[in-house]
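Enquirer: Contents are TSV, C-alpha atoms; file name work_0.tsv:
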chain	number	residue	atom	x	y	z
A	3	MET	CA	-20.69	-2.82	34.62
A	4	THR	CA	-23.12	-0.93	32.46
A	5	ASN	CA	-21.12	2.26	32.89
A	6	ASN	CA	-17.91	0.51	31.87
A	7	ASN	CA	-19.59	-0.97	28.81
A	8	THR	CA	-21.02	2.41	27.86
A	9	LYS	CA	-17.60	4.01	28.31
A	10	THR	CA	-15.95	1.38	26.09
A	11	GLU	CA	-18.63	1.65	23.42
A	12	SER	CA	-18.38	5.45	23.39
A	13	ALA	CA	-14.59	5.40	23.08
A	14	ASP	CA	-14.83	2.82	20.32
A	15	ALA	CA	-17.46	4.90	18.48
A	16	TRP	CA	-15.18	7.96	18.44
A	17	PHE	CA	-12.27	5.75	17.34
A	18	LYS	CA	-14.27	4.33	14.43
A	19	GLN	CA	-15.36	7.82	13.42
A	20	GLY	CA	-11.68	8.83	13.46
A	21	VAL	CA	-10.78	5.90	11.23
A	22	LEU	CA	-13.36	7.04	8.64
A	23	HIS	CA	-11.88	10.55	8.61
A	24	ASP	CA	-8.39	9.05	8.44
A	25	GLN	CA	-9.32	6.97	5.39
A	26	GLU	CA	-10.72	10.08	3.69
A	27	GLY	CA	-7.50	11.98	4.35
A	28	ASN	CA	-9.17	14.37	6.78
A	29	LEU	CA	-6.39	14.20	9.35
A	30	GLU	CA	-7.50	17.12	11.51
A	31	ASN	CA	-10.92	15.57	12.12
A	32	ALA	CA	-9.37	12.13	12.58
A	33	LEU	CA	-7.04	13.43	15.29
A	34	GLU	CA	-9.93	15.19	17.00
A	35	CYS	CA	-11.95	11.96	17.11
A	36	TYR	CA	-9.00	9.93	18.39
A	37	GLN	CA	-8.43	12.54	21.10
A	38	LYS	CA	-12.07	12.29	22.20
A	39	SER	CA	-11.74	8.52	22.28
A	40	ILE	CA	-8.76	8.56	24.66
A	41	VAL	CA	-10.31	11.25	26.85
A	42	ILE	CA	-13.13	8.77	27.49
A	43	ASP	CA	-10.76	5.81	27.84
A	44	PRO	CA	-7.05	6.74	28.24
A	45	ASP	CA	-6.08	3.05	28.18
A	46	PHE	CA	-7.66	2.34	24.78
A	47	VAL	CA	-4.67	1.44	22.58
A	48	PRO	CA	-5.96	1.78	18.96
A	49	PRO	CA	-6.49	5.58	18.95
A	50	TRP	CA	-3.05	6.10	20.49
A	51	TYR	CA	-1.55	3.94	17.72
A	52	ASN	CA	-3.41	5.68	14.90
A	53	MET	CA	-2.57	9.14	16.23
A	54	GLY	CA	1.10	8.14	16.37
A	55	ALA	CA	0.97	6.95	12.76
A	56	ILE	CA	-0.49	10.28	11.62
A	57	PHE	CA	2.10	12.31	13.53
A	58	LEU	CA	4.89	10.09	12.18
A	59	GLU	CA	3.96	9.47	8.56
A	60	ASP	CA	1.76	12.41	7.60
A	61	LEU	CA	2.78	15.36	9.76
A	62	SER	CA	6.43	14.55	10.61
A	63	GLU	CA	5.78	15.63	14.21
A	64	TYR	CA	8.12	13.10	15.73
A	65	GLN	CA	7.97	14.12	19.38
A	66	LYS	CA	4.18	13.82	19.34
A	67	ALA	CA	4.47	10.48	17.56
A	68	LYS	CA	6.92	9.24	20.19
A	69	LYS	CA	4.51	10.20	22.98
A	70	CYS	CA	1.78	8.13	21.31
A	71	PHE	CA	3.93	5.07	20.74
A	72	ASP	CA	5.35	5.32	24.26
A	73	LYS	CA	1.76	5.00	25.42
A	74	VAL	CA	1.05	2.08	23.06
A	75	THR	CA	4.07	0.08	24.22
A	76	LYS	CA	3.35	0.85	27.89
A	77	LEU	CA	-0.30	-0.23	27.63
A	78	ASP	CA	0.42	-3.21	25.40
A	79	PRO	CA	4.07	-4.36	25.71
A	80	LYS	CA	3.39	-7.31	23.39
A	81	ASN	CA	2.29	-5.04	20.52
A	82	ALA	CA	5.03	-5.69	17.95
A	83	ASN	CA	3.79	-2.94	15.61
A	84	GLY	CA	3.90	-0.46	18.45
A	85	TRP	CA	7.59	-1.22	19.00
A	86	ILE	CA	8.29	-1.07	15.26
A	87	TYR	CA	6.66	2.33	14.88
A	88	LYS	CA	8.30	3.61	18.03
A	89	GLY	CA	11.61	2.52	16.49
A	90	LYS	CA	10.81	4.35	13.24
A	91	THR	CA	10.00	7.50	15.24
A	92	LEU	CA	13.26	7.29	17.17
A	93	TYR	CA	15.11	6.91	13.85
A	94	TYR	CA	13.89	10.37	12.83
A	95	LEU	CA	14.82	11.69	16.28
A	96	ASN	CA	18.37	10.41	15.65
A	97	LYS	CA	18.51	7.92	18.50
A	98	PRO	CA	20.05	4.84	16.79
A	99	GLN	CA	20.64	2.77	19.92
A	100	GLU	CA	17.03	3.14	21.05
A	101	VAL	CA	15.86	2.29	17.53
A	102	MET	CA	17.66	-1.04	17.71
A	103	GLU	CA	16.25	-1.77	21.16
A	104	CYS	CA	12.70	-1.21	19.91
A	105	LEU	CA	13.14	-3.37	16.82
A	106	ASP	CA	14.77	-6.14	18.82
A	107	LYS	CA	11.75	-6.12	21.15
A	108	ALA	CA	9.42	-6.38	18.14
A	109	ILE	CA	11.43	-9.32	16.78
A	110	ALA	CA	11.44	-11.01	20.19
A	111	ILE	CA	7.63	-10.77	20.20
A	112	ASP	CA	7.33	-12.06	16.63
A	113	PRO	CA	10.53	-13.42	15.03
A	114	ASN	CA	8.68	-13.77	11.71
A	115	ASP	CA	7.62	-10.12	11.46
A	116	VAL	CA	9.18	-9.18	8.12
A	117	TYR	CA	8.43	-5.50	8.67
A	118	ALA	CA	10.52	-5.54	11.87
A	119	TRP	CA	13.45	-7.12	10.01
A	120	TYR	CA	13.00	-4.61	7.17
A	121	ASN	CA	13.20	-1.66	9.55
A	122	LYS	CA	16.14	-3.15	11.43
A	123	GLY	CA	17.92	-3.33	8.08
A	124	TRP	CA	17.27	0.39	7.54
A	125	ALA	CA	18.65	1.11	11.01
A	126	PHE	CA	21.88	-0.68	10.08
A	127	ILE	CA	22.02	1.23	6.76
A	128	SER	CA	21.79	4.54	8.63
A	129	GLN	CA	24.83	3.46	10.66
A	130	GLY	CA	26.75	2.39	7.55
A	131	GLU	CA	26.66	-1.29	8.57
A	132	PHE	CA	25.66	-2.64	5.18
A	133	GLU	CA	26.62	-6.28	5.72
A	134	LYS	CA	24.44	-6.47	8.84
A	135	ALA	CA	21.62	-4.80	6.90
A	136	ILE	CA	21.86	-7.49	4.21
A	137	GLU	CA	21.53	-10.15	6.93
A	138	CYS	CA	18.27	-8.52	8.04
A	139	TYR	CA	16.88	-8.42	4.49
A	140	ASP	CA	17.95	-12.01	3.91
A	141	ARG	CA	16.01	-12.97	7.03
A	142	ALA	CA	12.95	-11.07	5.79
A	143	ILE	CA	13.20	-12.78	2.38
A	144	GLN	CA	13.64	-16.17	4.04
A	145	ILE	CA	10.35	-15.57	5.88
A	146	ASP	CA	8.62	-14.19	2.78
A	147	PRO	CA	10.43	-14.81	-0.52
A	148	LYS	CA	7.99	-12.46	-2.27
A	149	TYR	CA	8.68	-9.51	0.03
A	150	LEU	CA	9.65	-7.19	-2.84
A	151	ASP	CA	10.59	-4.19	-0.71
A	152	ALA	CA	13.28	-6.31	0.96
A	153	TRP	CA	14.64	-7.46	-2.42
A	154	ASN	CA	14.67	-3.85	-3.63
A	155	ILE	CA	16.58	-2.51	-0.62
A	156	LYS	CA	18.96	-5.48	-0.69
A	157	GLY	CA	19.78	-4.50	-4.27
A	158	TYR	CA	20.26	-0.89	-3.17
A	159	ILE	CA	22.84	-2.03	-0.58
A	160	PHE	CA	24.71	-4.20	-3.10
A	161	ASP	CA	24.92	-1.13	-5.34
A	162	LYS	CA	26.35	0.95	-2.47
A	163	LEU	CA	28.96	-1.78	-1.92
A	164	GLY	CA	29.91	-1.72	-5.61
A	165	HIS	CA	28.41	-5.15	-6.34
A	166	TYR	CA	26.44	-3.86	-9.31
A	167	GLN	CA	25.50	-7.17	-10.94
A	168	LYS	CA	24.28	-8.59	-7.63
A	169	ALA	CA	22.21	-5.43	-7.24
A	170	ILE	CA	20.71	-5.83	-10.72
A	171	ASP	CA	19.87	-9.47	-9.96
A	172	CYS	CA	17.87	-8.31	-6.92
A	173	PHE	CA	16.01	-5.65	-8.91
A	174	ASP	CA	15.21	-8.22	-11.60
A	175	VAL	CA	13.61	-10.47	-8.96
A	176	VAL	CA	11.35	-7.55	-8.04
A	177	LEU	CA	10.49	-6.65	-11.63
A	178	GLU	CA	9.73	-10.23	-12.66
A	179	THR	CA	7.02	-10.26	-10.00
A	180	GLU	CA	5.92	-6.63	-10.24
A	181	PRO	CA	6.82	-4.93	-13.55
A	182	ASN	CA	5.31	-1.65	-12.33
A	183	PHE	CA	7.66	-1.27	-9.35
A	184	ALA	CA	8.95	2.25	-10.14
A	185	SER	CA	11.67	2.33	-7.49
A	186	ALA	CA	13.18	-0.96	-8.70
A	187	TRP	CA	13.41	0.36	-12.29
A	188	ASN	CA	15.11	3.51	-11.00
A	189	ASN	CA	17.53	1.54	-8.83
A	190	LYS	CA	18.37	-0.84	-11.66
A	191	GLY	CA	19.14	2.20	-13.80
A	192	VAL	CA	21.54	3.52	-11.14
A	193	SER	CA	23.42	0.21	-11.04
A	194	LEU	CA	23.66	0.16	-14.83
A	195	SER	CA	24.94	3.76	-14.82
A	196	ASN	CA	27.54	2.79	-12.25
A	197	GLN	CA	28.75	0.16	-14.71
A	198	GLY	CA	28.96	2.82	-17.43
A	199	GLN	CA	25.89	1.48	-19.25
A	200	ASN	CA	24.12	4.82	-19.41
A	201	GLU	CA	22.00	4.11	-22.50
A	202	MET	CA	20.52	1.01	-20.85
A	203	ALA	CA	20.12	2.96	-17.63
A	204	ILE	CA	18.06	5.62	-19.42
A	205	THR	CA	15.69	2.89	-20.64
A	206	CYS	CA	15.15	1.89	-16.99
A	207	TYR	CA	14.64	5.48	-15.89
A	208	ASN	CA	12.06	5.94	-18.65
A	209	LYS	CA	10.17	2.89	-17.37
A	210	SER	CA	10.17	4.31	-13.86
A	211	ILE	CA	8.97	7.74	-15.07
A	212	GLU	CA	6.25	6.13	-17.18
A	213	ILE	CA	4.94	4.29	-14.10
A	214	ASP	CA	5.10	7.37	-11.84
A	215	PRO	CA	5.59	10.73	-13.60
A	216	THR	CA	5.75	12.51	-10.20
A	217	TYR	CA	8.73	10.41	-9.01
A	218	SER	CA	11.67	12.80	-9.28
A	219	ASP	CA	14.57	10.38	-8.60
A	220	PRO	CA	14.58	8.72	-12.05
A	221	LEU	CA	14.34	12.13	-13.72
A	222	TYR	CA	17.35	13.31	-11.74
A	223	ASN	CA	19.30	10.13	-12.51
A	224	LYS	CA	18.33	10.30	-16.17
A	225	GLY	CA	19.74	13.82	-16.23
A	226	ARG	CA	23.01	12.51	-14.78
A	227	ALA	CA	23.13	9.73	-17.38
A	228	PHE	CA	22.66	12.22	-20.22
A	229	TYR	CA	25.39	14.36	-18.67
A	230	GLU	CA	27.77	11.37	-18.68
A	231	LEU	CA	26.92	10.80	-22.35
A	232	GLY	CA	27.79	14.43	-23.15
A	233	LYS	CA	24.17	15.32	-23.90
A	234	THR	CA	24.03	18.50	-21.84
A	235	GLN	CA	20.77	19.87	-23.26
A	236	GLU	CA	18.90	16.64	-22.56
A	237	SER	CA	20.44	16.61	-19.09
A	238	LEU	CA	19.21	20.14	-18.40
A	239	GLU	CA	15.69	19.27	-19.56
A	240	CYS	CA	15.52	16.36	-17.11
A	241	LEU	CA	16.84	18.40	-14.19
A	242	GLU	CA	14.40	21.23	-14.93
A	243	LYS	CA	11.55	18.72	-14.75
A	244	VAL	CA	12.85	17.63	-11.34
A	245	ILE	CA	12.64	21.26	-10.21
A	246	GLU	CA	9.05	21.47	-11.47
A	247	ILE	CA	8.16	18.51	-9.24
A	248	ASN	CA	10.24	19.66	-6.28
A	249	PRO	CA	11.48	23.27	-6.37
A	250	LYS	CA	13.51	22.63	-3.22
A	251	ASP	CA	15.62	19.81	-4.64
A	252	ALA	CA	19.09	21.18	-3.86
A	253	ASN	CA	20.91	18.46	-5.82
A	254	ALA	CA	18.94	19.23	-8.97
A	255	TRP	CA	19.69	22.96	-8.71
A	256	TYR	CA	23.34	22.12	-8.07
A	257	ASN	CA	23.63	19.93	-11.15
A	258	ILE	CA	21.81	22.47	-13.31
A	259	GLY	CA	24.37	25.00	-12.13
A	260	ASN	CA	27.24	22.67	-12.98
A	261	THR	CA	25.84	22.02	-16.45
A	262	LEU	CA	25.31	25.73	-17.13
A	263	TYR	CA	28.87	26.39	-15.98
A	264	LEU	CA	30.19	23.87	-18.51
A	265	LEU	CA	28.12	25.68	-21.16
A	266	GLU	CA	29.96	28.88	-20.08
A	267	GLN	CA	26.76	30.45	-18.76
A	268	ASP	CA	28.39	31.65	-15.54
A	269	GLN	CA	25.75	34.12	-14.42
A	270	LYS	CA	22.96	31.55	-14.75
A	271	ALA	CA	25.12	28.96	-13.00
A	272	ILE	CA	25.67	31.35	-10.06
A	273	LYS	CA	21.91	31.89	-9.75
A	274	CYS	CA	21.48	28.12	-9.49
A	275	TYR	CA	24.19	27.86	-6.84
A	276	ASP	CA	22.41	30.65	-4.94
A	277	ARG	CA	19.21	28.61	-5.09
A	278	VAL	CA	21.10	25.66	-3.62
A	279	LEU	CA	22.49	27.83	-0.83
A	280	GLY	CA	19.02	29.17	-0.10
A	281	ILE	CA	17.96	25.58	0.59
A	282	GLU	CA	21.22	24.29	2.12
A	283	PRO	CA	23.39	27.24	3.27
A	284	ASN	CA	26.35	24.95	3.99
A	285	HIS	CA	26.38	23.11	0.65
A	286	ILE	CA	30.13	22.78	0.04
A	287	GLY	CA	29.88	22.05	-3.67
A	288	ALA	CA	27.67	25.06	-4.37
A	289	LEU	CA	29.93	27.41	-2.41
A	290	SER	CA	33.06	26.07	-4.07
A	291	ASN	CA	31.68	26.06	-7.61
A	292	LYS	CA	30.10	29.48	-7.16
A	293	GLY	CA	33.56	30.69	-6.23
A	294	VAL	CA	35.00	29.29	-9.47
A	295	ALA	CA	32.21	30.87	-11.56
A	296	LEU	CA	32.83	34.22	-9.86
A	297	LEU	CA	36.52	33.90	-10.74
A	298	ASP	CA	35.60	33.48	-14.41
A	299	LEU	CA	33.62	36.72	-14.18
A	300	GLY	CA	36.53	38.55	-12.60
A	301	GLN	CA	34.79	38.90	-9.24
A	302	ASN	CA	37.85	37.67	-7.40
A	303	GLN	CA	37.16	38.96	-3.89
A	304	GLU	CA	33.64	37.48	-3.86
A	305	ALA	CA	35.12	34.23	-5.17
A	306	ILE	CA	37.65	34.03	-2.33
A	307	GLU	CA	34.88	34.70	0.20
A	308	CYS	CA	32.85	31.75	-1.14
A	309	LEU	CA	35.84	29.43	-1.15
A	310	ASP	CA	36.94	30.47	2.33
A	311	LYS	CA	33.43	29.80	3.61
A	312	ALA	CA	33.46	26.34	2.01
A	313	ILE	CA	36.80	25.58	3.68
A	314	ASP	CA	35.58	26.92	7.04
A	315	ILE	CA	32.62	24.54	6.87
A	316	ASP	CA	34.71	21.57	5.76
A	317	PRO	CA	38.50	22.06	6.09
A	318	ASN	CA	39.00	18.59	4.60
A	319	ASN	CA	37.29	19.32	1.29
A	320	SER	CA	40.06	18.76	-1.22
A	321	ASP	CA	38.25	20.35	-4.17
A	322	ALA	CA	37.58	23.57	-2.24
A	323	TRP	CA	41.32	23.91	-1.58
A	324	VAL	CA	42.05	23.32	-5.28
A	325	ASN	CA	39.61	26.06	-6.26
A	326	LYS	CA	41.07	28.45	-3.70
A	327	GLY	CA	44.49	27.71	-5.19
A	328	ILE	CA	43.20	28.61	-8.65
A	329	ALA	CA	41.73	31.83	-7.23
A	330	SER	CA	45.04	32.69	-5.54
A	331	GLU	CA	46.82	32.14	-8.85
A	332	ILE	CA	44.53	34.58	-10.60
A	333	LEU	CA	45.16	37.11	-7.81
A	334	GLY	CA	48.91	36.71	-8.34
A	335	LYS	CA	49.79	34.96	-5.07
A	336	PRO	CA	52.03	32.04	-6.14
A	337	GLN	CA	53.11	31.00	-2.61
A	338	GLU	CA	49.49	30.93	-1.45
A	339	VAL	CA	48.67	28.86	-4.52
A	340	LEU	CA	51.16	26.15	-3.58
A	341	LYS	CA	49.90	26.03	0.00
A	342	CYS	CA	46.37	25.43	-1.27
A	343	PHE	CA	47.36	22.70	-3.73
A	344	ASP	CA	49.58	21.06	-1.10
A	345	LYS	CA	46.66	21.04	1.33
A	346	ALA	CA	44.38	19.50	-1.32
A	347	ILE	CA	46.94	16.77	-2.03
A	348	GLU	CA	47.49	16.14	1.67
A	349	ILE	CA	43.75	15.58	2.09
A	350	ASP	CA	43.38	13.52	-1.10
A	351	PRO	CA	46.63	12.30	-2.71
A	352	SER	CA	44.62	11.09	-5.73
A	353	ASN	CA	43.14	14.53	-6.55
A	354	ALA	CA	44.41	14.73	-10.12
A	355	LYS	CA	43.30	18.34	-10.56
A	356	ALA	CA	45.40	19.40	-7.57
A	357	LEU	CA	48.40	17.45	-8.86
A	358	LEU	CA	48.04	18.97	-12.35
A	359	ASN	CA	47.77	22.53	-11.05
A	360	LYS	CA	50.70	22.10	-8.69
A	361	ALA	CA	52.78	20.84	-11.61
A	362	ILE	CA	51.85	23.91	-13.68
A	363	ILE	CA	52.74	26.29	-10.84
A	364	LEU	CA	56.07	24.55	-10.17
A	365	TYR	CA	56.93	24.79	-13.86
A	366	SER	CA	56.13	28.52	-13.87
A	367	LEU	CA	58.39	28.93	-10.83
A	368	GLY	CA	61.30	27.36	-12.72
A	369	ARG	CA	61.18	23.98	-10.99
A	370	PRO	CA	60.65	21.65	-13.98
A	371	GLU	CA	61.92	18.42	-12.38
A	372	GLU	CA	59.47	18.73	-9.48
A	373	ALA	CA	56.75	19.72	-11.96
A	374	ASP	CA	57.34	16.57	-14.02
A	375	GLU	CA	57.02	14.41	-10.90
A	376	PHE	CA	53.57	15.81	-10.03
A	377	MET	CA	52.43	15.82	-13.64
A	378	LYS	CA	53.31	12.13	-13.96
A	379	LYS	CA	51.11	11.35	-10.92
A	380	ALA	CA	48.25	13.43	-12.35
A	381	VAL	CA	48.38	11.63	-15.71
A	382	GLU	CA	48.45	8.21	-14.01
A	383	ILE	CA	45.15	9.10	-12.33
A	384	ASN	CA	43.63	10.95	-15.29
A	385	PRO	CA	45.27	10.17	-18.67
A	386	ASP	CA	43.35	13.06	-20.27
A	387	TYR	CA	45.71	15.46	-18.48
A	388	ALA	CA	48.55	14.35	-20.77
A	389	ASN	CA	47.18	16.73	-23.41
A	390	ALA	CA	47.13	19.61	-20.91
A	391	TRP	CA	50.86	19.15	-20.24
A	392	LYS	CA	51.70	19.15	-23.94
In structure tokens, what does this structure look like?

Expert:
Amino acid sequence: MTNNNTKTESADAWFKQGVLHDQEGNLENALECYQKSIVIDPDFVPPWYNMGAIFLEDLSEYQKAKKCFDKVTKLDPKNANGWIYKGKTLYYLNKPQEVMECLDKAIAIDPNDVYAWYNKGWAFISQGEFEKAIECYDRAIQIDPKYLDAWNIKGYIFDKLGHYQKAIDCFDVVLETEPNFASAWNNKGVSLSNQGQNEMAITCYNKSIEIDPTYSDPLYNKGRAFYELGKTQESLECLEKVIEINPKDANAWYNIGNTLYLLEQDQKAIKCYDRVLGIEPNHIGALSNKGVALLDLGQNQEAIECLDKAIDIDPNNSDAWVNKGIASEILGKPQEVLKCFDKAIEIDPSNAKALLNKAIILYSLGRPEEADEFMKKAVEINPDYANAWK
């Protein structure tokens, strides 16, 4: 008995030492202590759990995290948090069915565990089942009406579904309780932008940035709002700040490139697209838009290579086919042009740019009646194209 007590006390001592290191952010020492604890007592659950949390949340070493939470749930099958964290780990390992099984086990153990419902909602979001996700967040809110994270994500889902006012109502619930909730301010701004209220959205983004200057999402969204308002310089300044915070933000580089292209700074735009492709080699938008910028510079062969690569990666990308059509036109290949625009329209019948360009080509080929038909469709979708036809 004395030996068992000594063993337990020794394992617990190493565990507590690990917790101290963990709290100080010294993860290497924390892991070492937890390892020593389980060497002494392999059935001691807490160090397995804490090691799993470090591997999951701090080091993104998901296989190691899974091993730890497998051990937790085997040793203590009634440990709801163990099942929740195992589910989170499996989410990152792209095993959606197993995620659901884990979360359902956690909920069966404790039906009032709001964190389990919250994570089950995220699992449904990852599968595109937004209505089921809302049911999970409603359940979490029913259990704890002041669970602000659930309100925030519920608003995020409403926004994704196009229910912008419902989304804003959710974010307002959060902000009435916690005015310094940076994510809720950012999300409210997104919903306002989606309603075309970009000035009001910028006010929300500014609030979010004021609360957390290192939070790049509101800076990025603020840049988009300025872009929609035609304030390209302000947009660029926001996106450049995003890059300062996160130099590997592919979307920020991509939008900087797009803005520079509109400012007719093609060479700088191409450098931005190259930065995107260095981060995400298969980024369709960067490949396609780089191709267009190369066309403007007269580098037609390089442009075609970019556009062909974009189409190889995603043959159903309507815009890439439109851009290849424009490139083929510049290279003097009218039949190839029509094939490209036809493919773009086949993929997306509402692609106004494809319809417009097909109309122009048909007119140049002496087929005005057909041209008028496609131009009419283009103008119905985008009335601004009426001026292009004149």

Enquirer: Looking at only C-alpha atoms, which of A:Asn359, A:Ala346, A:Thr216, A:Gly123 is the one that sits closest to Asp374 in chain A?

Expert: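 For Asp374 in chain A, the nearest of the candidates is A:Asn359.
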
Enquirer: Please measure the separation of CA of Lys90 in chain A and CA of Gly164 in chain A, giving the value in Å to one decimal.

Expert: 27.5 Å

Enquirer: When you look at Asp146 in chain A with a cut-off of 9 Å (counting all atoms listed in the file), what residues show up, excluding the ones that are within fewer than 5 positions of it in the same chain? I need them as a VMD selection string.

Expert: chain A and resid 114 116 141

Enquirer: Hey, can you check how far CA of Ile40 in chain A sits from CA of Gly20 in chain A?

Expert: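 Result for CA of Ile40 in chain A versus CA of Gly20 in chain A: 11.6 Å, one decimal.
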
Enquirer: Give me, as a PyMOL selection string, all polymer residues having an atom no more than 10 Å from range 329-333 of chain A, counting all atoms listed in the file and skipping those fewer than 4 positions away in the same chain.

Expert: chain A and resi 293-294+296-298+300+302-303+305-306+309+323-325+337-342+359+363

Enquirer: Could you name the residues that touch Pro370 in chain A at 12 Å or less, counting all atoms listed in the file, but leaving out those on the same chain fewer than 6 positions away, as an MDAnalysis selection string?

Expert: chainID A and resid 360:364 376:377 391

Enquirer: Export C-alpha atoms of the chosen residues as a tab-separated table (two decimals), keeping the file's coordinate frame?

Expert:
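Written out: again_34.tsv:
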chain	number	residue	atom	x	y	z
A	360	LYS	CA	50.70	22.10	-8.69
A	361	ALA	CA	52.78	20.84	-11.61
A	362	ILE	CA	51.85	23.91	-13.68
A	363	ILE	CA	52.74	26.29	-10.84
A	364	LEU	CA	56.07	24.55	-10.17
A	376	PHE	CA	53.57	15.81	-10.03
A	377	MET	CA	52.43	15.82	-13.64
A	391	TRP	CA	50.86	19.15	-20.24

Enquirer: Would you compute the distance between CA of Asp268 in chain A and CA of Pro385 in chain A? Give it in Å to one decimal.

Expert: 27.5 Å

Enquirer: Name the residues in contact with Val47 in chain A at a cut-off of 12 Å, using only C-alpha atoms, excluding same-chain residues fewer than 6 positions from it; report them as a VMD selection string.

Expert: chain A and resid 10 13 to 14 17 36 to 37 39 to 40 53 to 54 70 to 81 83 to 84

Enquirer: Excluding Gly287 in chain A and any residue of its chain fewer than 6 positions from it, enumerate the residues within 10 Å of it, using only C-alpha atoms, and give them as a ChimeraX atom specification.

Expert: /A:253,256-257,260,275,278-279,293,309,312,319,321-322

Enquirer: Using only C-alpha atoms, which residue out of A:Gln269, A:Asn284, A:Gln301, A:Gln19 lies closest to Asp316 in chain A?

Expert: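 For Asp316 in chain A, the nearest of the candidates is A:Asn284.
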
Enquirer: Would you kindly identify which residues have an atom no farther than 12 Å from (5.4, 7.8, -8.4), using all atoms listed in the file and the file's own coordinates, and write them out as a list of chain:residue names?

Expert: A:Asn182, A:Phe183, A:Ala184, A:Ser185, A:Ala186, A:Trp187, A:Asn188, A:Lys209, A:Ser210, A:Ile211, A:Glu212, A:Ile213, A:Asp214, A:Pro215, A:Thr216, A:Tyr217, A:Ser218, A:Asp219, A:Pro220, A:Leu221, A:Ile247

Enquirer: May I ask which of the residues A:Ser128, A:Asn208, A:Asn189, A:Gln197 is the closest one to Asn154 in chain A, counting only C-alpha atoms?

Expert: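 For Asn154 in chain A, the nearest of the candidates is A:Asn189.
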